[in-house]
Every structure is written in C-alpha cells, then in structure tokens.
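Have a look at the structure below, then the notes.
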Amino acid sequence: DLVPDTVLDGARYGTCTLRAASVRGDSARFRGELRRDALLTARFGTGEHALLLVAMATGARATPRAHRAAAELCRWIGRAVGRSHARLADDIRAGRRGDLKSGLHRLTDRSLGRLRAGAADQGLRPEEYAATLRCLLLPADPACRTRVFFGVGAGGLFRLRDGGWHDIEPQVTEATGEPVVGFGSPPSETPRGDRLTTDLGIPVPPSPYDQRPEPPREPFRFRASIARPGDVLLMCTAGLAEPLRDEPALPVHLTERWSHPRPPGLAGFLTDVQTRVKGYADDRSAAAVWEA
C-alpha cells in the first residue's frame with residue numbers, strides 16, 4: 001500500500017530513447033487517495049538481442065484496491081513477457097505479426113485471468129478488482145525499427161511525425177443495431193421443430209446453479225508499426241489521452257517541446273506530462289520513444 005506519488009524512468013537502447021512517467025492526478029492528491037496508475041519498465045536479455053517492455057495499468061475507479069490491481073497486472077504481464085522474450089524478439093525482427101498478435105493476446109488473457117482469480121479469492125466481483133493494460137515492446141537491435149503495442153482498455157497511442165500528431169490507437173469493431181436472423185437473434189424454433197411462442201416478459205428467477213455472469217470484457221488491441229528517424233511515439237493512459245484528443249492547445253504545446261533533435265531530460269519530460277489542462281485531473285502515465 002506504499003504507493004509513490006510519482007514514478008520516473010528513462011534509458012537509451014539502439015536507435016530509441018525512452019522516457020516514462022506515472023503521476024498522481026490533482027484530484028487524487030486533493031482527496032488524499034493513492035495513485036491508481038501503475039508503471040513498469042523492464043529489459044530482458046542483453047546487447048542487440050535485448051527486448052524492452054513498458055507496461056502501464058489503471059485500476060478501476062472508486063474501488064479501494066485499484067492500486068493493487070494495477071500493480072499486480074503490470075507484474076504479471078512483465079513475468080509473462082520475460083519468460084517469452086527470446087521468441088517475441090525473434091518474431092519482431094522477422095516481422096511475424098500474426099504470431100505476435102496471437103501470442104501477446106494469450107499472454108494478456110492469462111494475466112487478466114489471474115486478476116479475475118484474485119478478485120474471487122478476495123470475495124470481490126470481477127469489476128471491483130480490475131485494470132486496463134497498455135504495453136510497448138521495443139527491440140534493442142538498431143537494425144529493427146518495429147515497435148509493438150498491445151493492451152486492453154482505454155488510453156491512447158499517438159505518433160508525432162513531421163510536426164503533426166497522429167492518433168494511431170488501434171480501432172476495434174463492435175456489432176451495433178438490432179439483432180437479425182442468424183446474427184444475435186434467437187432461433188425461430190427448437191431443435192425438435194417446435195415453434196417458439198411469444199415472450200410474455202414474465203421475469204424468471206435465476207437458477208441457484210448458474211454462475212454469476214462476468215462483466216463484458218474489453219477487446220484486445222494490437223499494432224505493430226515501423227518507426228522513422230525523427231518520430232516520437234507516445235503511449236499513455238486515459239488521464240493524458242483524453243486532454244490530448246479534446247484540447248487542441250495540449251498537442252500544440254507538446255509539439256513545441258518534443259520536436260527538437262534531442263529528447264528532453266527526465267525532469268523536462270515529467271514537467272511536460274504534468275502540463276495542467278482545466279477539467280482534467282486524473283492520474284497520468286505516459287511513455288514516449290524518440291527515434292534517432
């Protein structure tokens with residue numbers, strides 16, 4: 001339960017310079033609440049075969065154990081990536097996107113499954129011990145410019161290129177509209193051929209043998225992109241993604257700060273991440289990668 005107000009990290013590997021920070025929001029500071037965001041940066045392997053992982057998670061709002069859920073999710077995905085880092089690094093260098101997506105999806109599902117199991121052990125509903133997850137994989141090999149993003153839940157993925165910001169958050173398609181025959185609607189008859197009658201709307205008590213339904217799960221998001229020299233790739237939680245999308249002055253300010261040939265130092269990056277925007281006071285976690 002000892003959660004620092006601010007976490008800051010940075011390093012340079014290969015052609016990329018990394019800056020990462022997680023900061024408690026003004027509203028949490030005012031109320032004396034713990035930071036719900038968690039941040040993990042880790043390197044697996046050595047030399048040009050090393051693989052960098054940046055993971056950030058945000059615990060569910062208005063739950064007392066939000067900080068624990070976020071921290072545990074970051075640790076579990078870190079262990080999962082660490083065990084598979086050699087294979088992941090090979091897939092990234094070889095450009096095997098299909099294998100990467102399916103493998104990272106499995107690792108993410110296992111980590112989220114452990115979080116749901118932890119909720120059950122504590123007698124909590126799944127939504128009371130939950131967190132979003134966003135991760136970056138960065139190969140240290142200077143000959144490999146592939147940058148891999150994956151995760152579940154709200155947040156943002158942006159790229160600063162040629163003086164302009166691009167929202168490159170992977171989009172997920174959702175089924176909308178009324179059910180149609182063959183897609184979401186019940187069959188018109190039973191397997192024995194009996195016609196189904198009209199639903200009279202009479203409530204049916206739940207069976208004591210039925211398990212409690214889980215809340216709907218967030219879709220998995222994945223993107224593998226090729227970086228260019230001069231690019232800045234930014235991954236962040238919703239606390240920073242929302243003002244970046246909604247307040248034009250913030251991306252303009254960050255463009256002025258981050259368009260210089262040399263990346264900012266740790267203190268400068270922390271100052272930029274904490275730039276105040278009226279109406280936005282949640283925790284902020286961000287990781288930015290400058291391409292040499």
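Each chain in the structure tokens gets a letter, A, B and so on, in the order shown; residues start at 1 in every chain, and ligands are counted from 1 in the order they appear.
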Contact residues around A:Arg96 with only C-alpha atoms at 12 Å, ignoring same-chain residues under 5 positions, as an MDAnalysis selection string: chainID A and resid 87:91 101:103 146 148 224
Once you have the residues from the selection above, write them out as a PDB file, in the first residue's frame, restricted to N, CA, C and O atoms.
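Saved file again_14.pdb follows:
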ATOM      1  N   ARG A  87      11.552 -15.530 -27.888  1.00  0.00           N
ATOM      2  CA  ARG A  87      10.659 -15.799 -29.015  1.00  0.00           C
ATOM      3  C   ARG A  87      10.012 -14.513 -29.522  1.00  0.00           C
ATOM      4  O   ARG A  87       9.893 -14.299 -30.738  1.00  0.00           O
ATOM      5  N   LEU A  88       9.591 -13.647 -28.612  1.00  0.00           N
ATOM      6  CA  LEU A  88       8.981 -12.390 -29.022  1.00  0.00           C
ATOM      7  C   LEU A  88       9.958 -11.533 -29.820  1.00  0.00           C
ATOM      8  O   LEU A  88       9.596 -10.944 -30.843  1.00  0.00           O
ATOM      9  N   ALA A  89      11.206 -11.453 -29.356  1.00  0.00           N
ATOM     10  CA  ALA A  89      12.207 -10.660 -30.074  1.00  0.00           C
ATOM     11  C   ALA A  89      12.450 -11.214 -31.473  1.00  0.00           C
ATOM     12  O   ALA A  89      12.589 -10.456 -32.445  1.00  0.00           O
ATOM     13  N   ASP A  90      12.497 -12.540 -31.600  1.00  0.00           N
ATOM     14  CA  ASP A  90      12.685 -13.149 -32.924  1.00  0.00           C
ATOM     15  C   ASP A  90      11.503 -12.839 -33.841  1.00  0.00           C
ATOM     16  O   ASP A  90      11.689 -12.528 -35.025  1.00  0.00           O
ATOM     17  N   ASP A  91      10.283 -12.927 -33.302  1.00  0.00           N
ATOM     18  CA  ASP A  91       9.100 -12.635 -34.117  1.00  0.00           C
ATOM     19  C   ASP A  91       9.071 -11.175 -34.556  1.00  0.00           C
ATOM     20  O   ASP A  91       8.661 -10.868 -35.686  1.00  0.00           O
ATOM     21  N   LYS A 101       0.641 -11.189 -32.621  1.00  0.00           N
ATOM     22  CA  LYS A 101      -0.683 -10.815 -32.127  1.00  0.00           C
ATOM     23  C   LYS A 101      -1.312 -11.949 -31.329  1.00  0.00           C
ATOM     24  O   LYS A 101      -1.831 -11.729 -30.230  1.00  0.00           O
ATOM     25  N   SER A 102      -1.263 -13.162 -31.864  1.00  0.00           N
ATOM     26  CA  SER A 102      -1.887 -14.276 -31.155  1.00  0.00           C
ATOM     27  C   SER A 102      -1.145 -14.590 -29.859  1.00  0.00           C
ATOM     28  O   SER A 102      -1.768 -14.864 -28.821  1.00  0.00           O
ATOM     29  N   GLY A 103       0.188 -14.537 -29.881  1.00  0.00           N
ATOM     30  CA  GLY A 103       0.959 -14.825 -28.678  1.00  0.00           C
ATOM     31  C   GLY A 103       0.734 -13.790 -27.590  1.00  0.00           C
ATOM     32  O   GLY A 103       0.542 -14.143 -26.418  1.00  0.00           O
ATOM     33  N   THR A 146      10.815  -1.931 -35.753  1.00  0.00           N
ATOM     34  CA  THR A 146       9.443  -2.305 -35.449  1.00  0.00           C
ATOM     35  C   THR A 146       9.120  -2.004 -33.996  1.00  0.00           C
ATOM     36  O   THR A 146       9.873  -2.382 -33.098  1.00  0.00           O
ATOM     37  N   VAL A 148       5.989  -2.431 -31.181  1.00  0.00           N
ATOM     38  CA  VAL A 148       4.778  -3.221 -30.988  1.00  0.00           C
ATOM     39  C   VAL A 148       3.998  -2.696 -29.792  1.00  0.00           C
ATOM     40  O   VAL A 148       4.546  -2.548 -28.700  1.00  0.00           O
ATOM     41  N   ALA A 224       1.518  -3.145 -34.742  1.00  0.00           N
ATOM     42  CA  ALA A 224       2.959  -3.210 -34.998  1.00  0.00           C
ATOM     43  C   ALA A 224       3.261  -2.225 -36.122  1.00  0.00           C
ATOM     44  O   ALA A 224       2.687  -2.327 -37.210  1.00  0.00           O
TER      45      ALA A 224
END
Using only C-alpha atoms, which protein or nucleic acid residues come within 12 Å of A:Arg29? Drop anything in the same chain fewer than 3 positions from it, and give the result as a list in words.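 Near A:Arg29, the qualifying residues are Pro4, Asp5, Thr6, Val23, Arg24, Gly25, Asp26, Gly32, Glu33, Leu34, Arg35, Arg36, Ala281, Asp282 and Asp283 of chain A.
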Residues just named, written with N, CA and C atoms as a CSV table (one decimal), in the first residue's frame:
chain,number,residue,atom,x,y,z
A,4,PRO,N,4.2,5.4,-4.4
A,4,PRO,CA,4.8,6.7,-4.6
A,4,PRO,C,3.9,7.7,-5.4
A,5,ASP,N,4.0,8.9,-5.1
A,5,ASP,CA,3.2,9.9,-5.8
A,5,ASP,C,3.6,9.9,-7.3
A,6,THR,N,4.9,9.8,-7.6
A,6,THR,CA,5.4,9.9,-8.9
A,6,THR,C,6.5,8.8,-9.2
A,23,VAL,N,2.2,9.7,-12.8
A,23,VAL,CA,2.0,10.8,-11.9
A,23,VAL,C,0.6,10.8,-11.3
A,24,ARG,N,0.5,11.0,-10.0
A,24,ARG,CA,-0.9,11.0,-9.3
A,24,ARG,C,-1.6,12.3,-9.8
A,25,GLY,N,-2.9,12.2,-10.1
A,25,GLY,CA,-3.6,13.3,-10.5
A,25,GLY,C,-3.9,14.3,-9.4
A,26,ASP,N,-4.3,15.5,-9.8
A,26,ASP,CA,-4.6,16.6,-8.8
A,26,ASP,C,-5.8,16.2,-8.0
A,32,GLY,N,-6.5,12.9,-1.0
A,32,GLY,CA,-5.6,12.0,-0.3
A,32,GLY,C,-5.7,10.6,-0.7
A,33,GLU,N,-6.0,10.3,-2.0
A,33,GLU,CA,-6.1,9.0,-2.5
A,33,GLU,C,-4.8,8.5,-3.1
A,34,LEU,N,-4.7,7.2,-3.2
A,34,LEU,CA,-3.5,6.7,-3.8
A,34,LEU,C,-3.6,6.8,-5.3
A,35,ARG,N,-2.4,6.8,-6.0
A,35,ARG,CA,-2.4,6.8,-7.5
A,35,ARG,C,-2.9,5.4,-8.0
A,36,ARG,N,-3.9,5.5,-8.9
A,36,ARG,CA,-4.4,4.2,-9.4
A,36,ARG,C,-3.6,3.7,-10.6
A,281,ALA,N,-8.1,16.0,-14.3
A,281,ALA,CA,-7.3,15.9,-13.1
A,281,ALA,C,-7.0,14.5,-12.6
A,282,ASP,N,-7.1,13.5,-13.6
A,282,ASP,CA,-6.9,12.1,-13.3
A,282,ASP,C,-5.4,11.8,-13.3
A,283,ASP,N,-5.0,10.6,-12.8
A,283,ASP,CA,-3.7,10.2,-12.9
A,283,ASP,C,-3.2,10.1,-14.3
Per-residue DSSP, stretch 33-179 of chain A, filtered to strand (DSSP E or B), as an NGL selection string: :A and (37-44 or 51-59 or 131-139 or 146-152 or 156-161 or 164-167)
Name all residues at most 10 Å from A:Pro243 (count only C-alpha atoms; drop same-chain ones fewer than 3 positions away) and give them as a list in words.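 Listed by chain and then number, they are Ala238, Gly239, Leu240, Asp246, Glu247, Pro248, Ala249, Leu250, Pro251, Arg276, Val277, Lys278, Gly279, Tyr280 and Ala281 of chain A.
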For A:Asp272, which residue among A:Arg257, A:Thr237, A:Ala62, A:Ser285 is the nearest when counting only C-alpha atoms?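 Closest to A:Asp272, using only C-alpha atoms: A:Arg257.
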Write out as a list in words the residues lying within 7 Å of stretch 287-292 of chain A, counting only C-alpha atoms and excluding same-chain residues fewer than 4 positions away.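 Here the answer would be Thr15, Cys16, Thr17, Leu18, Arg19, Ala20, Ala21, Arg228, Pro229, Gly230, Asp231, Val232, Leu233, Leu234, Met235, Cys236 and Pro263 of chain A.
Relative to atom CA of A:Leu52, atom CA of A:Arg79 is found at 12.8 Å.
Considering only C-alpha atoms, the residue among A:Trp258, A:Pro139, A:Arg97, A:Thr132 positioned nearest to A:Arg161 is A:Trp258.
Excluding A:Ala69 itself and any same-chain residue fewer than 3 positions from it, the protein and nucleic acid residues within 7 Å of it, counting only C-alpha atoms, are Gly59, Arg65, Ala66, Glu72, Leu73, Tyr129, Ala130 and Ala131 of chain A.
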Students should find that atom CA of A:Gly47 and atom CA of A:Ser84 are spaced 17.0 Å
Tell me which of A:Ala57, A:Ile77, A:Leu124, A:Ala140 sits closest to A:Arg43, counting only C-alpha atoms. A:Ala140
Find, counting only C-alpha atoms, the residue in A:Val81, A:Ala50, A:Leu104, A:Leu244 that gets nearest to A:Val152.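 The closest residue to A:Val152 is A:Leu104.
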